[in-house]
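Asks: File structure-v4.pdb follows (PDB, C-alpha atoms):
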MODEL        1
ATOM      1  CA  MET E  26       0.000   0.000   0.000
ATOM      2  CA  THR E  27       1.209   3.450  -0.809
ATOM      3  CA  PRO E  28       1.179   6.110   1.911
ATOM      4  CA  GLN E  29      -1.730   7.846   0.155
ATOM      5  CA  GLU E  30      -3.836   4.704   0.355
ATOM      6  CA  ILE E  31      -3.007   4.253   4.026
ATOM      7  CA  ASN E  32      -3.929   7.879   4.636
ATOM      8  CA  ALA E  33      -7.273   7.482   2.889
ATOM      9  CA  LEU E  34      -7.990   4.280   4.809
ATOM     10  CA  LEU E  35      -7.164   5.866   8.168
ATOM     11  CA  SER E  36      -9.248   8.920   7.368
ATOM     12  CA  ALA E  37     -12.226   6.793   6.349
ATOM     13  CA  ALA E  38     -11.856   4.649   9.481
ATOM     14  CA  CYS E  39     -11.798   7.760  11.692
ATOM     15  CA  PHE E  40     -14.864   9.123   9.908
ATOM     16  CA  ALA E  41     -16.752   5.866  10.348
ATOM     17  CA  GLY E  42     -15.737   5.748  14.025
ATOM     18  CA  LEU E  43     -16.925   9.310  14.636
ATOM     19  CA  ALA E  44     -20.215   8.731  12.832
ATOM     20  CA  GLY E  45     -20.708   5.553  14.858
ATOM     21  CA  LEU E  46     -19.908   7.395  18.094
ATOM     22  CA  THR E  47     -22.439  10.104  17.236
ATOM     23  CA  LEU E  48     -25.225   7.645  16.463
ATOM     24  CA  LEU E  49     -24.389   5.325  19.371
ATOM     25  CA  GLY E  50     -24.484   8.234  21.813
ATOM     26  CA  ALA E  51     -27.781   9.387  20.345
ATOM     27  CA  LEU E  52     -29.254   5.883  20.715
ATOM     28  CA  LEU E  53     -28.060   5.736  24.332
ATOM     29  CA  ALA E  54     -29.672   9.105  24.993
ATOM     30  CA  ALA E  55     -32.957   8.037  23.452
ATOM     31  CA  LEU E  56     -33.171   4.527  24.892
ATOM     32  CA  CYS E  57     -31.777   4.624  28.436
ATOM     33  CA  ARG E  58     -34.269   4.781  31.249
ATOM     34  CA  ARG E  59     -31.790   6.205  33.727
ATOM     35  CA  LEU E  60     -31.461   9.910  33.103
ATOM     36  CA  ILE E  61     -27.764   9.982  34.020
ATOM     37  CA  TYR E  62     -27.041   7.478  31.238
ATOM     38  CA  SER E  63     -29.183   9.515  28.873
ATOM     39  CA  VAL E  64     -27.156  12.660  29.486
ATOM     40  CA  SER E  65     -23.885  10.726  29.197
ATOM     41  CA  GLY E  66     -25.056   9.407  25.830
ATOM     42  CA  LEU E  67     -25.837  12.960  24.773
ATOM     43  CA  ALA E  68     -22.300  14.072  25.703
ATOM     44  CA  LEU E  69     -20.827  11.128  23.758
ATOM     45  CA  SER E  70     -22.917  12.030  20.731
ATOM     46  CA  PHE E  71     -21.785  15.656  20.886
ATOM     47  CA  ILE E  72     -18.122  14.646  21.047
ATOM     48  CA  GLY E  73     -18.596  12.538  17.906
ATOM     49  CA  LEU E  74     -20.382  15.439  16.235
ATOM     50  CA  ALA E  75     -17.445  17.726  17.053
ATOM     51  CA  GLY E  76     -15.200  15.262  15.198
ATOM     52  CA  LEU E  77     -17.531  15.391  12.191
ATOM     53  CA  TYR E  78     -17.289  19.199  12.242
ATOM     54  CA  LEU E  79     -13.511  18.807  12.010
ATOM     55  CA  TYR E  80     -14.026  16.784   8.825
ATOM     56  CA  LEU E  81     -16.211  19.617   7.522
ATOM     57  CA  ASN E  82     -13.318  22.051   7.905
ATOM     58  CA  ALA E  83     -14.895  23.870  10.864
ATOM     59  CA  PRO E  84     -12.420  23.525  13.750
ATOM     60  CA  PHE E  85     -13.814  26.525  15.642
ATOM     61  CA  LEU E  86     -17.275  25.009  15.551
ATOM     62  CA  ALA E  87     -15.872  21.698  16.818
ATOM     63  CA  LEU E  88     -14.224  23.413  19.787
ATOM     64  CA  MET E  89     -17.392  25.391  20.542
ATOM     65  CA  GLN E  90     -19.420  22.181  20.325
ATOM     66  CA  ILE E  91     -17.271  20.591  23.025
ATOM     67  CA  LEU E  92     -17.039  23.766  25.125
ATOM     68  CA  VAL E  93     -20.700  24.774  25.002
ATOM     69  CA  TYR E  94     -22.573  21.499  24.652
ATOM     70  CA  VAL E  95     -20.406  18.970  26.467
ATOM     71  CA  GLY E  96     -18.944  21.454  28.945
ATOM     72  CA  ALA E  97     -21.973  23.595  29.700
ATOM     73  CA  VAL E  98     -25.311  22.216  28.546
ATOM     74  CA  CYS E  99     -24.709  18.597  29.610
ATOM     75  CA  ILE E 100     -23.289  19.673  32.968
ATOM     76  CA  VAL E 101     -26.243  21.999  33.602
ATOM     77  CA  ILE E 102     -28.648  19.148  32.816
ATOM     78  CA  LEU E 103     -26.710  16.936  35.251
ATOM     79  CA  PHE E 104     -27.008  19.642  37.921
ATOM     80  CA  ALA E 105     -30.738  19.848  37.362
ATOM     81  CA  ILE E 106     -31.109  16.075  37.621
ATOM     82  CA  MET E 107     -29.287  16.102  40.941
ATOM     83  CA  LEU E 108     -31.105  19.194  42.249
ATOM     84  CA  ALA E 109     -34.557  17.928  41.416
ATOM     85  CA  ASP E 110     -33.662  14.495  42.787
ATOM     86  CA  THR E 111     -35.558  12.923  39.924
ATOM     87  CA  GLN E 112     -36.474   9.365  40.332
ATOM     88  CA  ASP E 113     -35.733   7.630  37.066
ATOM     89  CA  GLU E 114     -38.518   6.728  34.733
ATOM     90  CA  GLN E 115     -40.562   3.970  36.241
ATOM     91  CA  SER E 116     -40.071   0.775  34.348
ATOM     92  CA  GLY E 117     -42.627   0.721  31.599
ATOM     93  CA  ARG E 118     -44.268  -2.613  32.043
ATOM     94  CA  ASP E 119     -47.733  -1.240  31.607
ATOM     95  CA  ARG E 120     -49.389  -1.571  28.249
ATOM     96  CA  ARG E 121     -49.645   2.101  27.455
ATOM     97  CA  ALA E 122     -45.901   2.662  27.737
ATOM     98  CA  THR E 123     -45.144  -0.259  25.433
ATOM     99  CA  LEU E 124     -47.661   1.009  22.900
ATOM    100  CA  THR E 125     -46.143   4.485  23.047
ATOM    101  CA  ALA E 126     -42.657   3.077  22.514
ATOM    102  CA  ILE E 127     -43.751   0.981  19.528
ATOM    103  CA  ALA E 128     -45.704   3.830  17.962
ATOM    104  CA  SER E 129     -42.888   6.319  18.355
ATOM    105  CA  PHE E 130     -40.380   3.803  16.987
ATOM    106  CA  LEU E 131     -42.567   3.235  13.926
ATOM    107  CA  ALA E 132     -43.005   6.964  13.375
ATOM    108  CA  ALA E 133     -39.298   7.659  13.773
ATOM    109  CA  SER E 134     -38.228   4.838  11.464
ATOM    110  CA  MET E 135     -40.701   5.957   8.806
ATOM    111  CA  LEU E 136     -39.256   9.446   9.122
ATOM    112  CA  ALA E 137     -35.716   8.106   8.797
ATOM    113  CA  VAL E 138     -36.566   5.978   5.742
ATOM    114  CA  ALA E 139     -38.364   8.871   4.046
ATOM    115  CA  LEU E 140     -35.452  11.230   4.659
ATOM    116  CA  PHE E 141     -33.000   8.574   3.448
ATOM    117  CA  LEU E 142     -34.919   8.021   0.208
ATOM    118  CA  MET E 143     -35.162  11.766  -0.310
ATOM    119  CA  ILE E 144     -31.418  12.215   0.166
ATOM    120  CA  ARG E 145     -30.630   9.356  -2.224
ATOM    121  CA  GLY E 146     -33.094  10.586  -4.831
ATOM    122  CA  THR E 147     -32.046  14.213  -4.961
ATOM    123  CA  THR E 148     -29.433  15.479  -7.372
ATOM    124  CA  TRP E 149     -27.776  18.397  -5.655
ATOM    125  CA  MET E 150     -26.882  21.511  -7.539
ATOM    126  CA  ALA E 151     -23.271  21.985  -8.565
ATOM    127  CA  PRO E 152     -21.209  23.601  -5.829
ATOM    128  CA  ALA E 153     -21.038  27.356  -6.217
ATOM    129  CA  ALA E 154     -17.675  29.003  -6.657
ATOM    130  CA  PRO E 155     -16.515  29.739  -3.111
ATOM    131  CA  GLN E 156     -16.286  33.398  -2.160
ATOM    132  CA  ASN E 157     -14.097  32.664   0.842
ATOM    133  CA  THR E 158     -12.283  29.738   2.368
ATOM    134  CA  GLY E 159     -14.398  29.387   5.493
ATOM    135  CA  SER E 160     -11.397  29.958   7.731
ATOM    136  CA  LEU E 161     -11.658  31.220  11.296
ATOM    137  CA  GLN E 162     -10.719  34.717  10.120
ATOM    138  CA  ASP E 163     -13.567  34.776   7.586
ATOM    139  CA  LEU E 164     -15.951  33.497  10.250
ATOM    140  CA  GLY E 165     -14.957  36.273  12.651
ATOM    141  CA  HIS E 166     -15.377  38.960  10.006
ATOM    142  CA  ALA E 167     -18.778  37.555   9.018
ATOM    143  CA  LEU E 168     -20.017  37.266  12.608
ATOM    144  CA  LEU E 169     -19.217  40.881  13.448
ATOM    145  CA  GLY E 170     -19.969  42.221   9.963
ATOM    146  CA  ARG E 171     -22.712  40.668   7.866
ATOM    147  CA  PHE E 172     -24.276  38.693  10.712
ATOM    148  CA  GLY E 173     -23.676  41.402  13.301
ATOM    149  CA  PHE E 174     -27.348  42.087  13.913
ATOM    150  CA  ALA E 175     -28.195  38.413  14.492
ATOM    151  CA  PHE E 176     -25.116  38.112  16.702
ATOM    152  CA  GLU E 177     -26.277  40.974  18.933
ATOM    153  CA  LEU E 178     -29.828  39.633  18.993
ATOM    154  CA  ILE E 179     -28.534  36.271  20.227
ATOM    155  CA  SER E 180     -26.760  37.986  23.105
ATOM    156  CA  VAL E 181     -29.993  39.799  24.041
ATOM    157  CA  VAL E 182     -31.854  36.476  23.884
ATOM    158  CA  LEU E 183     -29.258  34.869  26.167
ATOM    159  CA  LEU E 184     -29.515  37.744  28.655
ATOM    160  CA  LEU E 185     -33.306  37.498  28.704
ATOM    161  CA  ALA E 186     -33.079  33.713  29.104
ATOM    162  CA  ILE E 187     -30.818  34.102  32.136
ATOM    163  CA  LEU E 188     -33.190  36.625  33.722
ATOM    164  CA  GLY E 189     -36.242  34.526  32.869
ATOM    165  CA  ALA E 190     -34.634  31.386  34.263
ATOM    166  CA  LEU E 191     -33.835  33.205  37.513
ATOM    167  CA  VAL E 192     -37.374  34.541  37.842
ATOM    168  CA  VAL E 193     -39.032  31.207  37.041
ATOM    169  CA  ALA E 194     -36.771  29.132  39.268
ATOM    170  CA  ARG E 195     -36.996  31.547  42.225
ATOM    171  CA  ASN E 196     -40.742  31.955  42.077
ATOM    172  CA  GLY E 197     -42.557  30.177  44.896
ATOM    173  CA  ARG E 198     -39.445  29.715  46.950
ATOM    174  CA  ASP E 199     -39.709  30.420  50.661
ATOM    175  CA  THR E 200     -38.422  33.763  51.831
ATOM    176  CA  PRO E 201     -35.020  33.549  53.536
ATOM    177  CA  ARG E 202     -35.355  32.524  57.152
ATOM    178  CA  ASP E 203     -32.819  34.854  58.744
TER     179      ASP E 203
ATOM    180  CA  MET A  27     -17.961   0.270  -3.611
ATOM    181  CA  GLU A  28     -14.743   0.294  -1.629
ATOM    182  CA  THR A  29     -13.636   3.629  -3.031
ATOM    183  CA  HIS A  30     -17.144   4.894  -2.360
ATOM    184  CA  PHE A  31     -16.759   3.989   1.304
ATOM    185  CA  LEU A  32     -13.276   5.474   1.466
ATOM    186  CA  GLN A  33     -14.509   8.810   0.172
ATOM    187  CA  ALA A  34     -17.602   8.998   2.372
ATOM    188  CA  SER A  35     -16.143  11.850   4.392
ATOM    189  CA  GLN A  36     -15.825  13.940   1.215
ATOM    190  CA  GLN A  37     -19.438  13.522   0.149
ATOM    191  CA  LEU A  38     -22.489  15.500   1.117
ATOM    192  CA  PRO A  39     -25.008  12.603   1.413
ATOM    193  CA  ALA A  40     -22.996  10.902   4.171
ATOM    194  CA  TYR A  41     -23.417  13.920   6.434
ATOM    195  CA  LEU A  42     -27.050  14.379   5.446
ATOM    196  CA  ILE A  43     -27.804  10.756   6.358
ATOM    197  CA  ILE A  44     -26.087  11.122   9.732
ATOM    198  CA  GLY A  45     -28.106  14.303  10.323
ATOM    199  CA  ALA A  46     -31.340  12.579   9.325
ATOM    200  CA  LEU A  47     -30.607   9.654  11.657
ATOM    201  CA  LEU A  48     -29.854  12.055  14.529
ATOM    202  CA  PHE A  49     -33.157  13.783  13.863
ATOM    203  CA  ALA A  50     -35.075  10.498  13.746
ATOM    204  CA  ILE A  51     -33.438   9.201  16.942
ATOM    205  CA  GLY A  52     -34.174  12.506  18.665
ATOM    206  CA  PHE A  53     -37.791  12.342  17.515
ATOM    207  CA  PHE A  54     -38.082   8.779  18.808
ATOM    208  CA  GLY A  55     -36.627   9.767  22.176
ATOM    209  CA  PHE A  56     -38.856  12.831  22.386
ATOM    210  CA  CYS A  57     -41.973  10.683  22.001
ATOM    211  CA  ARG A  58     -40.729   7.862  24.199
ATOM    212  CA  HIS A  59     -39.236   9.621  27.205
ATOM    213  CA  ARG A  60     -41.583  10.256  30.049
ATOM    214  CA  THR A  61     -39.658  12.860  31.990
ATOM    215  CA  LEU A  62     -39.042  16.481  31.098
ATOM    216  CA  VAL A  63     -35.260  15.961  31.252
ATOM    217  CA  GLY A  64     -35.441  13.075  28.795
ATOM    218  CA  MET A  65     -37.478  15.192  26.399
ATOM    219  CA  LEU A  66     -34.963  18.044  26.699
ATOM    220  CA  VAL A  67     -32.090  15.667  25.891
ATOM    221  CA  SER A  68     -33.916  14.400  22.797
ATOM    222  CA  GLY A  69     -34.659  17.946  21.707
ATOM    223  CA  GLU A  70     -30.945  18.706  21.825
ATOM    224  CA  LEU A  71     -30.351  15.721  19.520
ATOM    225  CA  ILE A  72     -32.842  17.120  16.998
ATOM    226  CA  LEU A  73     -31.069  20.491  17.071
ATOM    227  CA  ALA A  74     -27.701  18.742  16.613
ATOM    228  CA  GLY A  75     -28.994  16.990  13.485
ATOM    229  CA  ALA A  76     -30.174  20.323  12.097
ATOM    230  CA  SER A  77     -26.844  22.033  12.707
ATOM    231  CA  LEU A  78     -24.930  19.168  11.098
ATOM    232  CA  ASN A  79     -27.074  19.680   7.983
ATOM    233  CA  PHE A  80     -26.379  23.400   7.939
ATOM    234  CA  VAL A  81     -22.623  22.943   8.285
ATOM    235  CA  ALA A  82     -22.543  20.207   5.622
ATOM    236  CA  PHE A  83     -24.486  22.274   3.093
ATOM    237  CA  GLY A  84     -22.344  25.300   3.885
ATOM    238  CA  HIS A  85     -19.163  23.313   3.369
ATOM    239  CA  PHE A  86     -20.107  21.486   0.169
ATOM    240  CA  LEU A  87     -22.528  23.645  -1.792
ATOM    241  CA  ALA A  88     -22.723  27.244  -0.623
ATOM    242  CA  ALA A  89     -20.744  30.029  -2.222
ATOM    243  CA  ASP A  90     -20.369  31.599   1.198
ATOM    244  CA  ARG A  91     -18.464  28.947   3.156
ATOM    245  CA  VAL A  92     -19.000  30.810   6.413
ATOM    246  CA  ALA A  93     -22.798  30.990   6.447
ATOM    247  CA  GLY A  94     -23.362  27.402   7.573
ATOM    248  CA  GLN A  95     -20.884  27.684  10.419
ATOM    249  CA  ALA A  96     -22.363  30.993  11.569
ATOM    250  CA  PHE A  97     -25.860  29.523  11.547
ATOM    251  CA  ALA A  98     -24.689  26.523  13.574
ATOM    252  CA  LEU A  99     -23.174  28.913  16.115
ATOM    253  CA  PHE A 100     -26.498  30.758  16.370
ATOM    254  CA  ILE A 101     -28.300  27.439  16.886
ATOM    255  CA  MET A 102     -25.843  26.730  19.698
ATOM    256  CA  GLY A 103     -26.685  30.029  21.390
ATOM    257  CA  ILE A 104     -30.425  29.445  21.088
ATOM    258  CA  ALA A 105     -30.059  25.872  22.365
ATOM    259  CA  ALA A 106     -28.133  27.070  25.426
ATOM    260  CA  ALA A 107     -30.841  29.631  26.202
ATOM    261  CA  GLU A 108     -33.509  26.971  25.687
ATOM    262  CA  ALA A 109     -31.766  24.512  28.010
ATOM    263  CA  ALA A 110     -31.458  27.123  30.775
ATOM    264  CA  LEU A 111     -35.140  28.060  30.488
ATOM    265  CA  VAL A 112     -36.397  24.480  30.320
ATOM    266  CA  LEU A 113     -34.353  23.495  33.359
ATOM    267  CA  SER A 114     -35.644  26.413  35.406
ATOM    268  CA  ILE A 115     -39.191  25.538  34.392
ATOM    269  CA  MET A 116     -38.445  21.948  35.382
ATOM    270  CA  ILE A 117     -37.244  23.009  38.816
ATOM    271  CA  ALA A 118     -40.358  25.149  39.291
ATOM    272  CA  VAL A 119     -42.550  22.212  38.228
ATOM    273  CA  TYR A 120     -40.703  19.896  40.589
ATOM    274  CA  ARG A 121     -41.223  22.337  43.462
ATOM    275  CA  ASN A 122     -44.975  22.392  42.874
ATOM    276  CA  TYR A 123     -45.657  18.782  41.894
ATOM    277  CA  ARG A 124     -42.742  16.862  43.504
ATOM    278  CA  THR A 125     -42.290  14.998  40.216
ATOM    279  CA  ILE A 126     -41.128  15.559  36.652
ATOM    280  CA  GLN A 127     -42.885  12.563  35.152
ATOM    281  CA  THR A 128     -44.927  14.053  32.350
ATOM    282  CA  ARG A 129     -47.976  11.914  33.054
ATOM    283  CA  ASP A 130     -48.361  13.409  36.518
ATOM    284  CA  LEU A 131     -48.463  16.982  35.237
ATOM    285  CA  LYS A 132     -52.153  17.185  34.523
ATOM    286  CA  ALA A 133     -53.480  20.138  36.487
ATOM    287  CA  MET A 134     -54.921  21.606  33.274
ATOM    288  CA  GLU A 135     -56.737  18.423  32.349
ATOM    289  CA  GLY A 136     -60.349  19.369  31.536
TER     290      GLY A 136
ENDMDL
END
What would the structure in this file look like if it were written as structure tokens?

Replies:
Amino acid sequence: MTPQEINALLSAACFAGLAGLTLLGALLAALCRRLIYSVSGLALSFIGLAGLYLYLNAPFLALMQILVYVGAVCIVILFAIMLADTQDEQSGRDRRATLTAIASFLAASMLAVALFLMIRGTTWMAPAAPQNTGSLQDLGHALLGRFGFAFELISVVLLLAILGALVVARNGRDTPRD
Amino acid sequence: METHFLQASQQLPAYLIIGALLFAIGFFGFCRHRTLVGMLVSGELILAGASLNFVAFGHFLAADRVAGQAFALFIMGIAAAEAALVLSIMIAVYRNYRTIQTRDLKAMEG
């Protein structure tokens, strides 16, 4: 084997591994009854997704995916699970739960098959001539230039979400006892 | 077929199929889970599938290579805000009902 062939093989193996990690984590998140396992599966899936972003030439996005999703969102969900002392989902031996699981599995698999057929059947347009390389520098210029308004709006939304979360979570709490 | 597999990471449909599967798995989990936390986790999976699609289209087809990445970053911001809000709502619900099982939250039942 020439070095190029070995390179291609390794790259394809890494891609397959990352795709498998993403889907395996997603399955864990969807199937586990224990919420801790669910959130762990979500973190696993996000790490695989960050690897896929690297393949798509978006290293900044991959880092943000790990920083924001794995580092912040998953940890916050874990905190909430521990704070609310949630008992895990009761084992679904009753008939209604089984029916729900079967129905949602059927719906989801029909959705997946339809999307798969659509993706296979579509001929995509020819790639447009790139205006920029998609490097981190271009991304920074775009975020503070063309997408500046959306960027600022997102920060307002985040601020409002923090305030709203504080108000909602504090409401109904006993007044301090001191 | 072997070369096809070897070049999967350079082809748009591979990413689209992964995104579609993430969406379908998230949808399945959203219907199946019976706690608010489980539904939130599945919702995050659906959003992840959407952002993978955006980044893949931006990388392979768009003239503006940056647009897909920027949109995925915006989705990330919205998802973080959504998670914070949903968790605070969940804590408020837990304080009032002592449970987050969705079937027990039926005060508005007719």

Asks: Select residues of chain E: the criterion is any atom within 6 Å of an atom of chain A, counting all atoms listed in the file; output as a list in words.

Replies: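 Using all atoms listed in the file, chain E residues at most 6 Å from chain A: Ala37, Ala55, Ala126, Ser129, Phe130, Ala133, Ala137, Pro152, Ala153, Ala154, Pro155, Gln156, Gly159, Leu164, Leu183, Ala186, Ala190 and Ala194 of chain E.
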
Asks: When the PyMOL selection byres ((chain E and resi 75) around 8) is applied to the structure above, which residues does it catch, written out as a list of chain:residue names?

Replies: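 Applied to this file, the PyMOL selection byres ((chain E and resi 75) around 8) selects E:Phe71, E:Ile72, E:Gly73, E:Leu74, E:Gly76, E:Leu77, E:Tyr78, E:Leu79, E:Leu86, E:Ala87, E:Leu88, E:Gln90, E:Ile91.
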
Asks: State, in Å with one decimal place, the distance from atom CA of A:Gly69 to atom CA of E:Leu43.

Replies: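 Those two atoms sit 21.0 Å apart.
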
Asks: Here is a test: counting only C-alpha atoms, which residue of A:Thr128, A:Phe80, A:Leu62, A:Ala133 is nearest to E:Leu81?

Replies: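 Result for the nearest residue to E:Leu81: A:Phe80.
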
Asks: Work out how far apart atom CA of E:Leu92 and atom CA of E:Ala68 are and give it in Å to one decimal.

Replies: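 Interatomic distance, atom CA of E:Leu92 to atom CA of E:Ala68: 11.0 Å.
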
Asks: In Å, with one decimal, what is the gap from atom CA of A:Lys132 to atom CA of E:Arg120?

Replies: 20.0 Å
